[in-house]
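Student: Structure supplied as protein.pdb; contents: PDB, C-alpha atoms.
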```
ATOM      1  CA  MET F   1      45.631  -8.237 -83.075
ATOM      2  CA  LEU F   2      41.859  -7.725 -83.330
ATOM      3  CA  THR F   3      41.973  -8.264 -87.103
ATOM      4  CA  GLY F   4      43.631 -11.653 -86.607
ATOM      5  CA  ARG F   5      40.921 -12.707 -84.159
ATOM      6  CA  MET F   6      38.159 -11.531 -86.498
ATOM      7  CA  SER F   7      39.567 -13.461 -89.464
ATOM      8  CA  SER F   8      39.906 -16.528 -87.230
ATOM      9  CA  LEU F   9      36.244 -16.139 -86.223
ATOM     10  CA  ASN F  10      35.266 -15.763 -89.885
ATOM     11  CA  ASN F  11      37.109 -18.998 -90.704
ATOM     12  CA  ILE F  12      35.188 -20.798 -87.979
ATOM     13  CA  MET F  13      31.872 -19.401 -89.206
ATOM     14  CA  ASP F  14      32.716 -20.530 -92.770
ATOM     15  CA  SER F  15      33.040 -24.121 -91.550
ATOM     16  CA  GLN F  16      30.613 -26.438 -93.348
ATOM     17  CA  VAL F  17      30.344 -28.548 -90.210
ATOM     18  CA  LEU F  18      29.325 -25.554 -88.113
ATOM     19  CA  GLN F  19      26.832 -24.404 -90.748
ATOM     20  CA  ALA F  20      25.318 -27.895 -90.847
ATOM     21  CA  PHE F  21      25.162 -27.969 -87.059
ATOM     22  CA  PHE F  22      23.391 -24.598 -86.960
ATOM     23  CA  THR F  23      20.837 -25.892 -89.461
ATOM     24  CA  TYR F  24      20.039 -29.143 -87.661
ATOM     25  CA  ALA F  25      20.164 -27.556 -84.207
ATOM     26  CA  THR F  26      17.671 -24.951 -85.388
ATOM     27  CA  VAL F  27      15.354 -27.664 -86.729
ATOM     28  CA  VAL F  28      15.268 -29.593 -83.426
ATOM     29  CA  VAL F  29      14.954 -26.418 -81.339
ATOM     30  CA  LEU F  30      12.021 -25.260 -83.494
ATOM     31  CA  LYS F  31      10.419 -28.698 -83.155
ATOM     32  CA  MET F  32      10.854 -28.451 -79.399
ATOM     33  CA  MET F  33       9.368 -24.944 -79.382
ATOM     34  CA  LEU F  34       6.295 -26.168 -81.278
ATOM     35  CA  MET F  35       5.493 -28.590 -78.475
ATOM     36  CA  SER F  36       4.286 -25.707 -76.292
ATOM     37  CA  PRO F  37       1.567 -24.540 -78.713
ATOM     38  CA  LEU F  38       0.669 -28.198 -79.292
ATOM     39  CA  THR F  39       0.134 -28.618 -75.551
ATOM     40  CA  SER F  40      -2.040 -25.491 -75.533
ATOM     41  CA  TYR F  41      -4.038 -26.825 -78.464
ATOM     42  CA  PHE F  42      -4.692 -30.095 -76.642
ATOM     43  CA  ARG F  43      -5.657 -28.207 -73.473
ATOM     44  CA  LEU F  44      -8.094 -25.931 -75.305
ATOM     45  CA  THR F  45      -9.697 -28.602 -77.472
ATOM     46  CA  ARG F  46     -10.154 -30.960 -74.516
ATOM     47  CA  LYS F  47     -11.027 -28.177 -72.060
ATOM     48  CA  VAL F  48      -8.353 -29.304 -69.617
ATOM     49  CA  PHE F  49      -6.456 -26.657 -67.699
ATOM     50  CA  ALA F  50      -3.665 -26.651 -65.148
ATOM     51  CA  ASN F  51      -4.691 -23.449 -63.368
ATOM     52  CA  LEU F  52      -8.052 -22.180 -62.180
ATOM     53  CA  GLU F  53      -7.671 -18.778 -63.837
ATOM     54  CA  ASP F  54      -7.065 -20.468 -67.205
ATOM     55  CA  THR F  55     -10.570 -21.943 -67.229
ATOM     56  CA  LYS F  56     -11.928 -18.568 -68.343
ATOM     57  CA  LEU F  57     -10.527 -19.392 -71.788
ATOM     58  CA  ALA F  58     -13.231 -22.061 -72.146
ATOM     59  CA  SER F  59     -15.951 -20.821 -69.811
ATOM     60  CA  PRO F  60     -17.192 -17.315 -68.936
ATOM     61  CA  THR F  61     -16.944 -18.209 -65.251
ATOM     62  CA  VAL F  62     -14.208 -19.952 -63.331
ATOM     63  CA  ASP F  63     -14.967 -23.669 -63.476
ATOM     64  CA  LYS F  64     -13.107 -25.971 -61.083
ATOM     65  CA  LYS F  65     -14.172 -29.022 -63.105
ATOM     66  CA  LEU F  66     -11.914 -27.887 -65.970
ATOM     67  CA  VAL F  67      -8.807 -28.061 -63.783
ATOM     68  CA  ARG F  68      -7.926 -31.700 -64.240
ATOM     69  CA  VAL F  69      -5.472 -34.098 -65.816
ATOM     70  CA  ASP F  70      -6.040 -35.516 -69.289
ATOM     71  CA  PRO F  71      -3.953 -38.398 -70.678
ATOM     72  CA  HIS F  72      -3.611 -36.771 -74.128
ATOM     73  CA  VAL F  73      -2.424 -33.463 -72.698
ATOM     74  CA  GLU F  74      -0.015 -35.261 -70.374
ATOM     75  CA  ARG F  75       1.386 -37.290 -73.279
ATOM     76  CA  VAL F  76       2.256 -34.091 -75.173
ATOM     77  CA  ARG F  77       3.698 -32.507 -72.016
ATOM     78  CA  ARG F  78       5.910 -35.534 -71.357
ATOM     79  CA  CYS F  79       7.120 -35.472 -74.950
ATOM     80  CA  HIS F  80       8.003 -31.791 -74.542
ATOM     81  CA  GLN F  81       9.797 -32.548 -71.261
ATOM     82  CA  ASN F  82      11.789 -35.274 -72.999
ATOM     83  CA  ASP F  83      12.773 -32.760 -75.694
ATOM     84  CA  LEU F  84      13.979 -30.334 -73.043
ATOM     85  CA  GLU F  85      16.112 -33.080 -71.521
ATOM     86  CA  ASN F  86      17.676 -34.131 -74.828
ATOM     87  CA  VAL F  87      17.661 -31.289 -77.359
ATOM     88  CA  ILE F  88      19.419 -28.815 -75.085
ATOM     89  CA  LEU F  89      22.198 -31.340 -74.451
ATOM     90  CA  PHE F  90      22.491 -31.967 -78.200
ATOM     91  CA  VAL F  91      22.853 -28.245 -78.867
ATOM     92  CA  LEU F  92      25.579 -27.840 -76.233
ATOM     93  CA  ILE F  93      27.525 -31.015 -77.066
ATOM     94  CA  GLY F  94      26.948 -30.547 -80.804
ATOM     95  CA  LEU F  95      28.475 -27.074 -80.734
ATOM     96  CA  LEU F  96      31.552 -28.331 -78.902
ATOM     97  CA  TYR F  97      31.733 -31.306 -81.264
ATOM     98  CA  SER F  98      31.549 -29.001 -84.293
ATOM     99  CA  LEU F  99      34.516 -27.047 -82.978
ATOM    100  CA  THR F 100      36.695 -30.198 -82.783
ATOM    101  CA  GLY F 101      36.988 -30.290 -86.572
ATOM    102  CA  PRO F 102      35.195 -33.556 -87.414
ATOM    103  CA  GLU F 103      34.854 -34.799 -90.985
ATOM    104  CA  LEU F 104      31.821 -33.242 -92.650
ATOM    105  CA  SER F 105      30.310 -36.628 -93.556
ATOM    106  CA  THR F 106      30.651 -37.900 -89.987
ATOM    107  CA  ALA F 107      29.216 -34.701 -88.533
ATOM    108  CA  LEU F 108      26.291 -34.785 -90.951
ATOM    109  CA  LEU F 109      25.589 -38.377 -89.955
ATOM    110  CA  HIS F 110      25.480 -37.371 -86.278
ATOM    111  CA  PHE F 111      23.288 -34.313 -86.901
ATOM    112  CA  ARG F 112      20.877 -36.096 -89.240
ATOM    113  CA  LEU F 113      20.504 -39.141 -87.019
ATOM    114  CA  PHE F 114      19.762 -36.997 -83.989
ATOM    115  CA  THR F 115      17.291 -34.780 -85.839
ATOM    116  CA  GLY F 116      15.508 -37.749 -87.402
ATOM    117  CA  SER F 117      15.383 -39.592 -84.099
ATOM    118  CA  ARG F 118      13.824 -36.608 -82.307
ATOM    119  CA  ILE F 119      11.226 -36.053 -85.014
ATOM    120  CA  PHE F 120      10.329 -39.738 -84.975
ATOM    121  CA  HIS F 121      10.317 -39.701 -81.165
ATOM    122  CA  THR F 122       7.709 -36.932 -81.211
ATOM    123  CA  ILE F 123       5.593 -38.730 -83.802
ATOM    124  CA  SER F 124       5.740 -41.988 -81.856
ATOM    125  CA  TYR F 125       5.085 -40.286 -78.507
ATOM    126  CA  VAL F 126       2.213 -38.014 -79.515
ATOM    127  CA  GLY F 127       0.772 -40.621 -81.876
ATOM    128  CA  ALA F 128       1.051 -43.341 -79.204
ATOM    129  CA  LEU F 129       2.818 -45.734 -81.579
ATOM    130  CA  PRO F 130       3.559 -49.125 -80.074
ATOM    131  CA  GLN F 131       6.836 -49.683 -78.280
ATOM    132  CA  PRO F 132       9.717 -50.079 -78.937
ATOM    133  CA  SER F 133       9.385 -47.274 -81.531
ATOM    134  CA  ARG F 134       9.637 -44.430 -79.020
ATOM    135  CA  PHE F 135      12.334 -46.198 -77.001
ATOM    136  CA  LEU F 136      14.493 -46.876 -80.071
ATOM    137  CA  SER F 137      14.237 -43.293 -81.294
ATOM    138  CA  PHE F 138      15.150 -42.018 -77.817
ATOM    139  CA  ILE F 139      18.131 -44.370 -77.545
ATOM    140  CA  LEU F 140      19.382 -43.439 -81.013
ATOM    141  CA  GLY F 141      19.377 -39.743 -80.139
ATOM    142  CA  LEU F 142      21.088 -40.435 -76.826
ATOM    143  CA  LEU F 143      23.799 -42.561 -78.470
ATOM    144  CA  VAL F 144      24.460 -39.852 -81.052
ATOM    145  CA  THR F 145      24.918 -37.279 -78.291
ATOM    146  CA  PHE F 146      27.218 -39.667 -76.381
ATOM    147  CA  SER F 147      29.235 -40.259 -79.556
ATOM    148  CA  MET F 148      29.754 -36.535 -80.040
ATOM    149  CA  ALA F 149      30.630 -36.099 -76.358
ATOM    150  CA  CYS F 150      33.237 -38.851 -76.634
ATOM    151  CA  ARG F 151      34.785 -37.102 -79.643
ATOM    152  CA  VAL F 152      34.930 -33.832 -77.693
ATOM    153  CA  LEU F 153      36.581 -35.530 -74.712
ATOM    154  CA  CYS F 154      39.038 -37.505 -76.853
ATOM    155  CA  THR F 155      40.015 -34.406 -78.797
ATOM    156  CA  THR F 156      40.500 -32.205 -75.747
ATOM    157  CA  VAL F 157      42.130 -34.788 -73.450
ATOM    158  CA  LEU F 158      44.375 -36.429 -76.023
TER     159      LEU F 158
END
```
Rewrite the structure of this file - the entire thing - as structure tokens.

Tutor:
Amino acid sequence: MLTGRMSSLNNIMDSQVLQAFFTYATVVVLKMMLMSPLTSYFRLTRKVFANLEDTKLASPTVDKKLVRVDPHVERVRRCHQNDLENVILFVLIGLLYSLTGPELSTALLHFRLFTGSRIFHTISYVGALPQPSRFLSFILGLLVTFSMACRVLCTTVL
């Protein structure tokens, strides 16, 4: 009984769709993770801190003037927040989608479009590119996730 389950699990793990999903999901999760050090970099280089005790990183004494809001730091933080709202959903829906047995070419299209849209979203957000560049990249990623969610629902309900 256990051997049958293990071979079934091995078959799932051998799936090219699942392997592709793991690759692209890892790329977007790593990109999302890099937003935290980028925020720290912007805070340190602009001497802008969120907490009083953090000011000691830039000044030997606690300096209340360093606890402030900076538009560049906030831009990176908002981009990171947007990643948290979208990448996590992609990972969850994408895993379920991968388990529905989609065609490899269709799955790759979904994964590549989402990954490209999130990378471009970050570039357009942090680089302050003119709209509608950021909006279009956001919408593309959202539509890809909706498309995968529809496939999951159609496969499980029908």

Student: I need the output of the PyMOL selection byres ((chain F and resi 20) around 10) for this file as a PyMOL selection string; which residues are they?

Tutor: chain F and resi 15-19+21-26+98+104+107-108+111-112

Student: Could you expand the PyMOL selection byres ((chain F and resi 70) around 10) into the explicit residues it covers here, written as a list in words?

Tutor: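 Listing what the PyMOL selection byres ((chain F and resi 70) around 10) selects in the shown file: Phe42, Arg43, Arg46, Lys47, Val48, Phe49, Val67, Arg68, Val69, Pro71, His72, Val73, Glu74 and Arg75 of chain F.
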
Student: Produce a file of the selected residues containing C-alpha atoms, as a PDB file, keeping the file's coordinate frame.

Tutor:
```pdb
ATOM      1  CA  PHE F  42      -4.692 -30.095 -76.642  1.00  0.00           C
ATOM      2  CA  ARG F  43      -5.657 -28.207 -73.473  1.00  0.00           C
ATOM      3  CA  ARG F  46     -10.154 -30.960 -74.516  1.00  0.00           C
ATOM      4  CA  LYS F  47     -11.027 -28.177 -72.060  1.00  0.00           C
ATOM      5  CA  VAL F  48      -8.353 -29.304 -69.617  1.00  0.00           C
ATOM      6  CA  PHE F  49      -6.456 -26.657 -67.699  1.00  0.00           C
ATOM      7  CA  VAL F  67      -8.807 -28.061 -63.783  1.00  0.00           C
ATOM      8  CA  ARG F  68      -7.926 -31.700 -64.240  1.00  0.00           C
ATOM      9  CA  VAL F  69      -5.472 -34.098 -65.816  1.00  0.00           C
ATOM     10  CA  PRO F  71      -3.953 -38.398 -70.678  1.00  0.00           C
ATOM     11  CA  HIS F  72      -3.611 -36.771 -74.128  1.00  0.00           C
ATOM     12  CA  VAL F  73      -2.424 -33.463 -72.698  1.00  0.00           C
ATOM     13  CA  GLU F  74      -0.015 -35.261 -70.374  1.00  0.00           C
ATOM     14  CA  ARG F  75       1.386 -37.290 -73.279  1.00  0.00           C
TER      15      ARG F  75
END
```

Student: Calculated over only C-alpha atoms, which of the candidates F:Leu30, F:Ala128, F:Leu142, F:Leu95 has the smallest distance to Asn82 in chain F?

Tutor: F:Leu142

Student: Please write as a PyMOL selection string the full residue list that the PyMOL selection byres ((chain F and resi 118-126) around 9) yields on this file.

Tutor: chain F and resi 28+31+72+75-76+78-80+83+86-87+113-117+127-131+133-138+140-141

Student: If I take CA of Leu143 in chain F and CA of Leu38 in chain F, how far is one from the other in Å, to one decimal?

Tutor: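 Spanning CA of Leu143 in chain F to CA of Leu38 in chain F is a straight-line distance of 27.2 Å.
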
Student: In Å to one decimal, how far is CA of Thr106 in chain F from CA of Phe90 in chain F?

Tutor: 15.5 Å

Student: Expressed in Å to a single decimal, how great is the separation between CA of Lys64 in chain F and CA of Leu52 in chain F?

Tutor: 6.4 Å

Student: Could you add whatever atoms are missing so that range 35-47 of chain F carries N, CA, C and O atoms, then write the result as a PDB file, keeping the file's coordinate frame?

Tutor:
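Saved as result12.pdb:
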```pdb
ATOM      1  N   MET F  35       6.189 -27.731 -79.423  1.00  0.00           N
ATOM      2  CA  MET F  35       5.493 -28.590 -78.475  1.00  0.00           C
ATOM      3  C   MET F  35       4.650 -27.776 -77.492  1.00  0.00           C
ATOM      4  O   MET F  35       3.612 -28.251 -77.024  1.00  0.00           O
ATOM      5  N   SER F  36       5.053 -26.553 -77.205  1.00  0.00           N
ATOM      6  CA  SER F  36       4.286 -25.707 -76.292  1.00  0.00           C
ATOM      7  C   SER F  36       2.924 -25.331 -76.884  1.00  0.00           C
ATOM      8  O   SER F  36       1.893 -25.530 -76.230  1.00  0.00           O
ATOM      9  N   PRO F  37       2.888 -24.806 -78.120  1.00  0.00           N
ATOM     10  CA  PRO F  37       1.567 -24.540 -78.713  1.00  0.00           C
ATOM     11  C   PRO F  37       0.737 -25.813 -78.900  1.00  0.00           C
ATOM     12  O   PRO F  37      -0.492 -25.777 -78.795  1.00  0.00           O
ATOM     13  N   LEU F  38       1.405 -26.941 -79.154  1.00  0.00           N
ATOM     14  CA  LEU F  38       0.669 -28.198 -79.292  1.00  0.00           C
ATOM     15  C   LEU F  38       0.008 -28.576 -77.965  1.00  0.00           C
ATOM     16  O   LEU F  38      -1.147 -29.023 -77.937  1.00  0.00           O
ATOM     17  N   THR F  39       0.714 -28.366 -76.864  1.00  0.00           N
ATOM     18  CA  THR F  39       0.134 -28.618 -75.551  1.00  0.00           C
ATOM     19  C   THR F  39      -1.065 -27.703 -75.326  1.00  0.00           C
ATOM     20  O   THR F  39      -2.120 -28.146 -74.858  1.00  0.00           O
ATOM     21  N   SER F  40      -0.925 -26.443 -75.678  1.00  0.00           N
ATOM     22  CA  SER F  40      -2.040 -25.491 -75.533  1.00  0.00           C
ATOM     23  C   SER F  40      -3.234 -25.913 -76.377  1.00  0.00           C
ATOM     24  O   SER F  40      -4.384 -25.841 -75.925  1.00  0.00           O
ATOM     25  N   TYR F  41      -2.965 -26.358 -77.585  1.00  0.00           N
ATOM     26  CA  TYR F  41      -4.038 -26.825 -78.464  1.00  0.00           C
ATOM     27  C   TYR F  41      -4.793 -27.986 -77.818  1.00  0.00           C
ATOM     28  O   TYR F  41      -6.026 -27.998 -77.781  1.00  0.00           O
ATOM     29  N   PHE F  42      -4.051 -28.954 -77.289  1.00  0.00           N
ATOM     30  CA  PHE F  42      -4.692 -30.095 -76.642  1.00  0.00           C
ATOM     31  C   PHE F  42      -5.475 -29.649 -75.413  1.00  0.00           C
ATOM     32  O   PHE F  42      -6.565 -30.165 -75.145  1.00  0.00           O
ATOM     33  N   ARG F  43      -4.944 -28.705 -74.655  1.00  0.00           N
ATOM     34  CA  ARG F  43      -5.657 -28.207 -73.473  1.00  0.00           C
ATOM     35  C   ARG F  43      -6.970 -27.528 -73.875  1.00  0.00           C
ATOM     36  O   ARG F  43      -8.016 -27.762 -73.269  1.00  0.00           O
ATOM     37  N   LEU F  44      -6.901 -26.669 -74.890  1.00  0.00           N
ATOM     38  CA  LEU F  44      -8.094 -25.931 -75.305  1.00  0.00           C
ATOM     39  C   LEU F  44      -9.147 -26.834 -75.934  1.00  0.00           C
ATOM     40  O   LEU F  44     -10.337 -26.703 -75.646  1.00  0.00           O
ATOM     41  N   THR F  45      -8.725 -27.745 -76.798  1.00  0.00           N
ATOM     42  CA  THR F  45      -9.697 -28.602 -77.472  1.00  0.00           C
ATOM     43  C   THR F  45     -10.311 -29.629 -76.535  1.00  0.00           C
ATOM     44  O   THR F  45     -11.435 -30.077 -76.766  1.00  0.00           O
ATOM     45  N   ARG F  46      -9.623 -29.996 -75.476  1.00  0.00           N
ATOM     46  CA  ARG F  46     -10.154 -30.960 -74.516  1.00  0.00           C
ATOM     47  C   ARG F  46     -10.684 -30.293 -73.247  1.00  0.00           C
ATOM     48  O   ARG F  46     -11.123 -30.971 -72.332  1.00  0.00           O
ATOM     49  N   LYS F  47     -10.568 -28.957 -73.217  1.00  0.00           N
ATOM     50  CA  LYS F  47     -11.027 -28.177 -72.060  1.00  0.00           C
ATOM     51  C   LYS F  47     -10.443 -28.727 -70.762  1.00  0.00           C
ATOM     52  O   LYS F  47     -11.151 -29.051 -69.812  1.00  0.00           O
TER      53      LYS F  47
END
```
